[in-house]
Each structure stands twice: as C-alpha cells, then as structure tokens.
Amino acid sequence: MLKKLIGSFLKDKIIIISIYIINSVLIIFFNLLQDKSNEIIYPTIISLFLLVVLLGWEWDKYYNFNKYLYKYLEENNTELKIYYSEHKRIHNILENMKNKHMNEIYEMEISNNKHKKFISQWIHNLKSPLSVIKLVSEKSILEDFKNLKNILKFESKILENSIDGVLNILRLDNFDKDYEPKTFNLVSILKDIINNNKNSFIYNKVYPKLEYENDEINIITDIKWHNIIINQIISNGIKYSFTKENKKNIYFKIKKEGKNVRLFIIDEGMGIPEYDIQRVFEPFFTGENGRKIGSSTGIGLYICKEISEKIGLELSISSSIQSGTEVKIAYLTKV
C-alpha cells in the first residue's frame, strides 16, 4: 500500500517537481550568463531544501488522508482527516453515496419483508382450496357428478386467481421494464374485456351495461396493466353481486368532462360496510364481506391500487350496505 501511495503522490506532485526543475535550470542559466557560476550552488541548495520541505508537508497530509480514507471505506465509524476543500468535497460525495447505499439496502429489506409476507399469506390462502379439492377427490362415492365438477371448477378458479395475483405483485418489481403507455379507445377496451368475461357474467347471472356518449373516447395507458385492474374490479363486482334468486347488473359509465375521462364501474352487490371501506386497498384485508365469500384473498384491490399509482390512474371506491359499490377511475388523456 505504501509503495502504491508513494507512486500516486509523486504522480500527483509532478507539476510542482517540474516547476522546481525548470526554476533551477533558469537560475543556473541566468547566473552563467552573468558569469556568476560561483553563486549557483547556494540558491540551488535553498530551492532544493524548500522543495523537500514542501513535498514532506504535502506527503504527510496526503498519506494521512488516504490512510483514513481506506479505513473510512472499510469502517463506518472512521472520520476522515480533512486538510483541503477538495478533501471536504470528497468526504461529502462519499457521505452521499453511503447514505444512498444505506437507503437502497433499507428499501430492499422492506421489499424483501413484504415479499416474504405475501408469499407466506399466499401459501396460507392456497391451503383452503387445496383441502377442499383433496376432500372431494377422496369421496369416491359422490352421486352428483355435476356438483363435483362445479366444486372443482370453483376451487380451481380460486387457485388460479391467487396465483395470478402473486405473479402480478412480483412483476411490479420490474414495472419500468414492462411499461409501454399508448393511446387507446376506452370504449373498445371495455367491449373486449366484457366479451372476454361473458361466460362468467352469464354463469353468475350478473350482466354488464355499458354507457358512453360517443364511440371514440381516447385515454393514455398501458393496456396490459390497465386490463388487470378492470378485470379485477369486474371479478369483485361479480363475486359480491351473485345471488341465486335475482339477476344483477354491473354498469360501466364513461364520462368525458373537458379534457378529463372518468370511468365508473357500479355493481348492485352487497356493498362494503363503512368501517371496512378505508381498508379495502390494504394487502390481504378481506373484511366482513370476505368472511362471507370464501374465495376472497384480499390482494385484488391492493394490486389494483399499486398498478393505478404506477400508470398514473386515480382509483377510488365508495359503497354502502345493500346498495352496491362504485369504483371510479380517472384517466390520463395526454402526456
């Protein structure tokens, strides 16, 4: 280390050494021109002495600063020896880098803890449908085959939704690499989504009603992430609106107010209690309705909120018991 420091020091001080040599040569040359060769030795010795003193002084500061710099990089509690304003700037840069690094580590720890919590809760959620499937499959004497099929289909859907939810959460970590906003026609998007969910609407006796003022209402969004939000809201609307007796509707109302576009998705379901409405976006929160509906995982609306914040949508929910739930989405119409 010392040999390396000496080499670096001499390289850094090459200008001072070069100036000394040039100065000494000029003094000697000047005295030779004046025919004063006997006066050359004394000023040369003086300048050499001053150079050695200067280099010694500079070396002491250079060595101490670098010695403590190495310690500073290895140990967090080491203080730097600061001699120049340049050293102060280096110290500030290192402090900023260290603080940034510590913040990144802290954020990674929070993210890892969150992922551990999600995976743990997700595995716990998988136990219930797996137990039901196992129980049904072990009942070799089951007279109603259609009922068996419906049970397996229902529980399989729970598993599928749970897996999709966790995969979407994991994809959010690389959101910047998978985000491509473009201009889309909201009416066309909703028609496609409604058509893709046609079987689910019919099976659960919940029917979509799309209302809009004109056929061309453009928004700026990422189609994949946007559709995850809409599909999740539809899934919730169907899930909490299903009844065996009466048909229910889900209304999709598009309103353009000046440069703003808003989508209202309104179901006629059981509604959300007032004491639960403030927590619906929390991860794994199912609330009172979740305890009534066995397929609730509590991650759907959390994912919707996370995605909406990343793609620039304003998402809000209002509801009341037995009067249904209204989800409002405010869109970007220009970059």
# chains A, B, ... in the order shown; residues from 1 in each chain; ligands from 1
>>> residues_around(residues="stretch 277-281 of chain A", least_positions_apart="2", cutoff="7 Å", atoms="only C-alpha atoms", output="ChimeraX atom specification")
/A:272-275,283,285,301-302,305
>>> residues_around(residues="stretch 177-179 of chain A", least_positions_apart="3", cutoff="10 Å", atoms="only C-alpha atoms", output="ChimeraX atom specification")
/A:171-174,182,221-225,310-311
>>> write_last_selection(atoms="N, CA, C and O atoms", output="mmCIF file, in the first residue's frame")
data_model
loop_
_atom_site.group_PDB
_atom_site.id
_atom_site.type_symbol
_atom_site.label_atom_id
_atom_site.label_comp_id
_atom_site.auth_asym_id
_atom_site.auth_seq_id
_atom_site.Cartn_x
_atom_site.Cartn_y
_atom_site.Cartn_z
ATOM 1 N N ARG A 171 -44.284 -9.091 -10.582
ATOM 2 C CA ARG A 171 -43.964 -8.347 -11.811
ATOM 3 C C ARG A 171 -43.851 -6.854 -11.553
ATOM 4 O O ARG A 171 -43.165 -6.139 -12.291
ATOM 5 N N LEU A 172 -44.517 -6.356 -10.522
ATOM 6 C CA LEU A 172 -44.473 -4.925 -10.223
ATOM 7 C C LEU A 172 -43.063 -4.459 -9.883
ATOM 8 O O LEU A 172 -42.739 -3.280 -10.055
ATOM 9 N N ASP A 173 -42.206 -5.385 -9.406
ATOM 10 C CA ASP A 173 -40.830 -5.013 -9.072
ATOM 11 C C ASP A 173 -40.051 -4.598 -10.307
ATOM 12 O O ASP A 173 -39.094 -3.834 -10.230
ATOM 13 N N ASN A 174 -40.434 -5.135 -11.475
ATOM 14 C CA ASN A 174 -39.766 -4.782 -12.738
ATOM 15 C C ASN A 174 -40.708 -3.980 -13.632
ATOM 16 O O ASN A 174 -40.666 -4.112 -14.860
ATOM 17 N N LYS A 182 -49.627 3.950 -24.298
ATOM 18 C CA LYS A 182 -50.055 4.340 -25.639
ATOM 19 C C LYS A 182 -51.474 4.903 -25.550
ATOM 20 O O LYS A 182 -52.126 4.810 -24.517
ATOM 21 N N THR A 221 -52.656 4.860 -21.621
ATOM 22 C CA THR A 221 -52.409 3.865 -20.584
ATOM 23 C C THR A 221 -51.569 2.725 -21.147
ATOM 24 O O THR A 221 -51.301 2.660 -22.352
ATOM 25 N N ASP A 222 -51.139 1.836 -20.271
ATOM 26 C CA ASP A 222 -50.525 0.580 -20.670
ATOM 27 C C ASP A 222 -51.636 -0.461 -20.663
ATOM 28 O O ASP A 222 -52.223 -0.744 -19.617
ATOM 29 N N ILE A 223 -51.925 -1.034 -21.817
ATOM 30 C CA ILE A 223 -53.110 -1.871 -21.973
ATOM 31 C C ILE A 223 -53.088 -3.102 -21.063
ATOM 32 O O ILE A 223 -54.117 -3.487 -20.500
ATOM 33 N N LYS A 224 -51.905 -3.711 -20.886
ATOM 34 C CA LYS A 224 -51.836 -4.927 -20.075
ATOM 35 C C LYS A 224 -52.139 -4.643 -18.607
ATOM 36 O O LYS A 224 -52.995 -5.294 -18.001
ATOM 37 N N TRP A 225 -51.438 -3.634 -18.042
ATOM 38 C CA TRP A 225 -51.642 -3.308 -16.633
ATOM 39 C C TRP A 225 -53.048 -2.759 -16.410
ATOM 40 O O TRP A 225 -53.691 -3.058 -15.389
ATOM 41 N N LYS A 310 -48.799 3.435 -10.389
ATOM 42 C CA LYS A 310 -47.650 3.356 -11.281
ATOM 43 C C LYS A 310 -47.977 3.822 -12.693
ATOM 44 O O LYS A 310 -47.110 4.364 -13.386
ATOM 45 N N ILE A 311 -49.216 3.609 -13.154
ATOM 46 C CA ILE A 311 -49.550 4.001 -14.534
ATOM 47 C C ILE A 311 -50.310 5.320 -14.589
ATOM 48 O O ILE A 311 -50.785 5.728 -15.651
#
>>> residues_around(residues="A:Ile220", least_positions_apart="5", cutoff="10 Å", atoms="only C-alpha atoms", output="list in words")
Glu180, Pro181, Lys182, Thr183, Phe184, Asn185, Leu186, Ile311, Gly312, Leu313, Tyr331, Leu332, Thr333, Lys334 and Val335 of chain A
>>> write_last_selection(atoms="N, CA, C and O atoms", output="PDB file, in the first residue's frame")
ATOM      1  N   GLU A 180     -45.480   0.328 -21.200  1.00  0.00           N
ATOM      2  CA  GLU A 180     -45.483   0.959 -22.515  1.00  0.00           C
ATOM      3  C   GLU A 180     -46.800   1.707 -22.729  1.00  0.00           C
ATOM      4  O   GLU A 180     -47.765   1.160 -23.262  1.00  0.00           O
ATOM      5  N   PRO A 181     -46.872   2.964 -22.280  1.00  0.00           N
ATOM      6  CA  PRO A 181     -48.129   3.727 -22.435  1.00  0.00           C
ATOM      7  C   PRO A 181     -48.388   4.124 -23.879  1.00  0.00           C
ATOM      8  O   PRO A 181     -47.483   4.560 -24.585  1.00  0.00           O
ATOM      9  N   LYS A 182     -49.627   3.950 -24.298  1.00  0.00           N
ATOM     10  CA  LYS A 182     -50.055   4.340 -25.639  1.00  0.00           C
ATOM     11  C   LYS A 182     -51.474   4.903 -25.550  1.00  0.00           C
ATOM     12  O   LYS A 182     -52.126   4.810 -24.517  1.00  0.00           O
ATOM     13  N   THR A 183     -51.930   5.460 -26.656  1.00  0.00           N
ATOM     14  CA  THR A 183     -53.301   5.972 -26.727  1.00  0.00           C
ATOM     15  C   THR A 183     -54.234   4.847 -27.162  1.00  0.00           C
ATOM     16  O   THR A 183     -53.987   4.156 -28.154  1.00  0.00           O
ATOM     17  N   PHE A 184     -55.321   4.657 -26.391  1.00  0.00           N
ATOM     18  CA  PHE A 184     -56.298   3.617 -26.692  1.00  0.00           C
ATOM     19  C   PHE A 184     -57.708   4.192 -26.613  1.00  0.00           C
ATOM     20  O   PHE A 184     -57.953   5.185 -25.914  1.00  0.00           O
ATOM     21  N   ASN A 185     -58.615   3.529 -27.305  1.00  0.00           N
ATOM     22  CA  ASN A 185     -60.032   3.870 -27.235  1.00  0.00           C
ATOM     23  C   ASN A 185     -60.653   3.107 -26.071  1.00  0.00           C
ATOM     24  O   ASN A 185     -60.751   1.878 -26.111  1.00  0.00           O
ATOM     25  N   LEU A 186     -61.080   3.812 -25.036  1.00  0.00           N
ATOM     26  CA  LEU A 186     -61.604   3.179 -23.829  1.00  0.00           C
ATOM     27  C   LEU A 186     -62.853   2.358 -24.120  1.00  0.00           C
ATOM     28  O   LEU A 186     -63.065   1.295 -23.515  1.00  0.00           O
ATOM     29  N   ILE A 311     -49.216   3.609 -13.154  1.00  0.00           N
ATOM     30  CA  ILE A 311     -49.550   4.001 -14.534  1.00  0.00           C
ATOM     31  C   ILE A 311     -50.310   5.320 -14.589  1.00  0.00           C
ATOM     32  O   ILE A 311     -50.785   5.728 -15.651  1.00  0.00           O
ATOM     33  N   GLY A 312     -50.425   5.993 -13.442  1.00  0.00           N
ATOM     34  CA  GLY A 312     -50.978   7.348 -13.430  1.00  0.00           C
ATOM     35  C   GLY A 312     -52.495   7.430 -13.423  1.00  0.00           C
ATOM     36  O   GLY A 312     -53.060   8.396 -13.948  1.00  0.00           O
ATOM     37  N   LEU A 313     -53.163   6.447 -12.831  1.00  0.00           N
ATOM     38  CA  LEU A 313     -54.623   6.494 -12.711  1.00  0.00           C
ATOM     39  C   LEU A 313     -55.017   6.866 -11.288  1.00  0.00           C
ATOM     40  O   LEU A 313     -54.317   6.528 -10.338  1.00  0.00           O
ATOM     41  N   TYR A 331     -58.586   8.968 -15.746  1.00  0.00           N
ATOM     42  CA  TYR A 331     -57.539   8.629 -16.705  1.00  0.00           C
ATOM     43  C   TYR A 331     -56.708   9.831 -17.125  1.00  0.00           C
ATOM     44  O   TYR A 331     -57.172  10.977 -17.094  1.00  0.00           O
ATOM     45  N   LEU A 332     -55.487   9.502 -17.587  1.00  0.00           N
ATOM     46  CA  LEU A 332     -54.675  10.482 -18.307  1.00  0.00           C
ATOM     47  C   LEU A 332     -55.183  10.563 -19.739  1.00  0.00           C
ATOM     48  O   LEU A 332     -55.428   9.555 -20.380  1.00  0.00           O
ATOM     49  N   THR A 333     -55.355  11.790 -20.244  1.00  0.00           N
ATOM     50  CA  THR A 333     -55.767  11.950 -21.629  1.00  0.00           C
ATOM     51  C   THR A 333     -54.656  12.553 -22.477  1.00  0.00           C
ATOM     52  O   THR A 333     -54.777  12.677 -23.678  1.00  0.00           O
ATOM     53  N   LYS A 334     -53.566  12.982 -21.808  1.00  0.00           N
ATOM     54  CA  LYS A 334     -52.386  13.469 -22.527  1.00  0.00           C
ATOM     55  C   LYS A 334     -51.178  13.304 -21.643  1.00  0.00           C
ATOM     56  O   LYS A 334     -51.272  13.240 -20.422  1.00  0.00           O
ATOM     57  N   VAL A 335     -50.022  13.185 -22.267  1.00  0.00           N
ATOM     58  CA  VAL A 335     -48.774  13.007 -21.528  1.00  0.00           C
ATOM     59  C   VAL A 335     -48.329  14.309 -20.911  1.00  0.00           C
ATOM     60  O   VAL A 335     -48.355  15.330 -21.585  1.00  0.00           O
TER      61      VAL A 335
END
>>> closest_residue(among="A:Tyr203, A:Phe29, A:Gly298, A:Val327", to="A:Gly237", atoms="only C-alpha atoms")
A:Val327
>>> closest_residue(among="A:Lys67, A:Arg89, A:Lys3, A:Lys328", to="A:Ile229", atoms="only C-alpha atoms")
A:Lys328
>>> residues_around(residues="A:Leu48", least_positions_apart="5", cutoff="9 Å", atoms="only C-alpha atoms", output="mmCIF file with C-alpha atoms, in the first residue's frame")
data_model
loop_
_atom_site.group_PDB
_atom_site.id
_atom_site.type_symbol
_atom_site.label_atom_id
_atom_site.label_comp_id
_atom_site.auth_asym_id
_atom_site.auth_seq_id
_atom_site.Cartn_x
_atom_site.Cartn_y
_atom_site.Cartn_z
ATOM 1 C CA TYR A 20 11.222 23.319 -9.443
ATOM 2 C CA SER A 24 16.553 25.643 -11.009
ATOM 3 C CA PRO A 43 20.285 29.315 -4.467
ATOM 4 C CA VAL A 53 10.070 20.710 2.981
#
>>> residues_around(residues="stretch 187-195 of chain A", least_positions_apart="2", cutoff="8 Å", atoms="only C-alpha atoms", output="PyMOL selection string")
chain A and resi 184-185+197-198+208+212+215-217+227+230-231
>>> residues_around(residues="stretch 250-255 of chain A", least_positions_apart="4", cutoff="10 Å", atoms="only C-alpha atoms", output="PyMOL selection string")
chain A and resi 186-187+190+194+201+206-214+217+234+237-238+241+260-269+324-330
>>> select_by_dssp(residues="stretch 186-304 of chain A", states="strand (DSSP E or B)", output="NGL selection string")
:A and (206-211 or 218-221 or 248-257 or 260-267)
>>> write_last_selection(atoms="N, CA and C atoms", output="compact mmCIF listing (two decimals), in the first residue's frame")
# COMPACT_ATOMS: atom_id res chain seq x y z
N VAL A 206 -75.01 -12.14 -13.61
CA VAL A 206 -74.67 -10.73 -13.44
C VAL A 206 -74.37 -10.18 -14.84
N TYR A 207 -75.05 -9.11 -15.23
CA TYR A 207 -75.00 -8.67 -16.62
C TYR A 207 -74.43 -7.25 -16.74
N PRO A 208 -73.53 -7.06 -17.71
CA PRO A 208 -72.88 -5.75 -17.89
C PRO A 208 -73.75 -4.78 -18.69
N LYS A 209 -73.69 -3.51 -18.32
CA LYS A 209 -74.37 -2.44 -19.05
C LYS A 209 -73.35 -1.34 -19.32
N LEU A 210 -73.01 -1.17 -20.60
CA LEU A 210 -72.00 -0.18 -20.98
C LEU A 210 -72.66 1.09 -21.48
N GLU A 211 -72.35 2.22 -20.84
CA GLU A 211 -72.95 3.50 -21.21
C GLU A 211 -71.84 4.49 -21.57
N ASN A 218 -60.60 8.52 -26.13
CA ASN A 218 -59.21 8.07 -26.04
C ASN A 218 -58.60 8.35 -24.67
N ILE A 219 -57.79 7.41 -24.25
CA ILE A 219 -57.03 7.56 -22.99
C ILE A 219 -55.60 7.13 -23.26
N ILE A 220 -54.69 7.49 -22.34
CA ILE A 220 -53.31 7.05 -22.43
C ILE A 220 -53.05 6.09 -21.29
N THR A 221 -52.66 4.86 -21.62
CA THR A 221 -52.41 3.87 -20.58
C THR A 221 -51.57 2.72 -21.15
N LYS A 248 -78.53 -9.50 -11.43
CA LYS A 248 -77.90 -8.24 -11.05
C LYS A 248 -77.19 -7.65 -12.27
N ASN A 249 -76.93 -6.35 -12.20
CA ASN A 249 -76.23 -5.65 -13.28
C ASN A 249 -74.94 -5.04 -12.76
N ILE A 250 -74.00 -4.89 -13.68
CA ILE A 250 -72.81 -4.08 -13.42
C ILE A 250 -72.77 -3.01 -14.51
N TYR A 251 -72.73 -1.76 -14.10
CA TYR A 251 -72.79 -0.64 -15.04
C TYR A 251 -71.38 -0.08 -15.28
N PHE A 252 -71.08 0.12 -16.54
CA PHE A 252 -69.82 0.76 -16.94
C PHE A 252 -70.18 2.10 -17.58
N LYS A 253 -69.93 3.18 -16.88
CA LYS A 253 -70.32 4.50 -17.37
C LYS A 253 -69.07 5.33 -17.65
N ILE A 254 -68.92 5.73 -18.91
CA ILE A 254 -67.78 6.56 -19.31
C ILE A 254 -68.24 8.00 -19.44
N LYS A 255 -67.55 8.88 -18.74
CA LYS A 255 -67.90 10.30 -18.80
C LYS A 255 -66.66 11.11 -19.16
N LYS A 256 -66.82 11.99 -20.14
CA LYS A 256 -65.74 12.89 -20.52
C LYS A 256 -66.11 14.29 -20.09
N GLU A 257 -65.31 14.83 -19.19
CA GLU A 257 -65.56 16.16 -18.65
C GLU A 257 -64.40 17.06 -19.04
N ASN A 260 -60.81 15.63 -19.18
CA ASN A 260 -60.73 14.51 -18.25
C ASN A 260 -61.70 13.40 -18.65
N VAL A 261 -61.23 12.15 -18.51
CA VAL A 261 -62.06 10.98 -18.76
C VAL A 261 -62.17 10.18 -17.47
N ARG A 262 -63.40 9.84 -17.11
CA ARG A 262 -63.63 9.06 -15.90
C ARG A 262 -64.50 7.85 -16.22
N LEU A 263 -64.13 6.74 -15.62
CA LEU A 263 -64.91 5.51 -15.77
C LEU A 263 -65.49 5.15 -14.41
N PHE A 264 -66.80 4.90 -14.40
CA PHE A 264 -67.49 4.48 -13.18
C PHE A 264 -67.95 3.04 -13.38
N ILE A 265 -67.52 2.15 -12.51
CA ILE A 265 -67.96 0.75 -12.54
C ILE A 265 -68.82 0.52 -11.29
N ILE A 266 -70.11 0.31 -11.52
CA ILE A 266 -71.07 0.28 -10.41
C ILE A 266 -71.77 -1.08 -10.40
N ASP A 267 -71.66 -1.78 -9.27
CA ASP A 267 -72.37 -3.06 -9.16
C ASP A 267 -73.57 -2.91 -8.23
>>> closest_residue(among="A:Leu69, A:Ile21, A:Phe284, A:Phe30", to="A:Ile119", atoms="only C-alpha atoms")
A:Phe284
>>> atom_distance(atom1="atom CA of A:Lys13", atom2="atom CA of A:Trp59")
9.6 Å
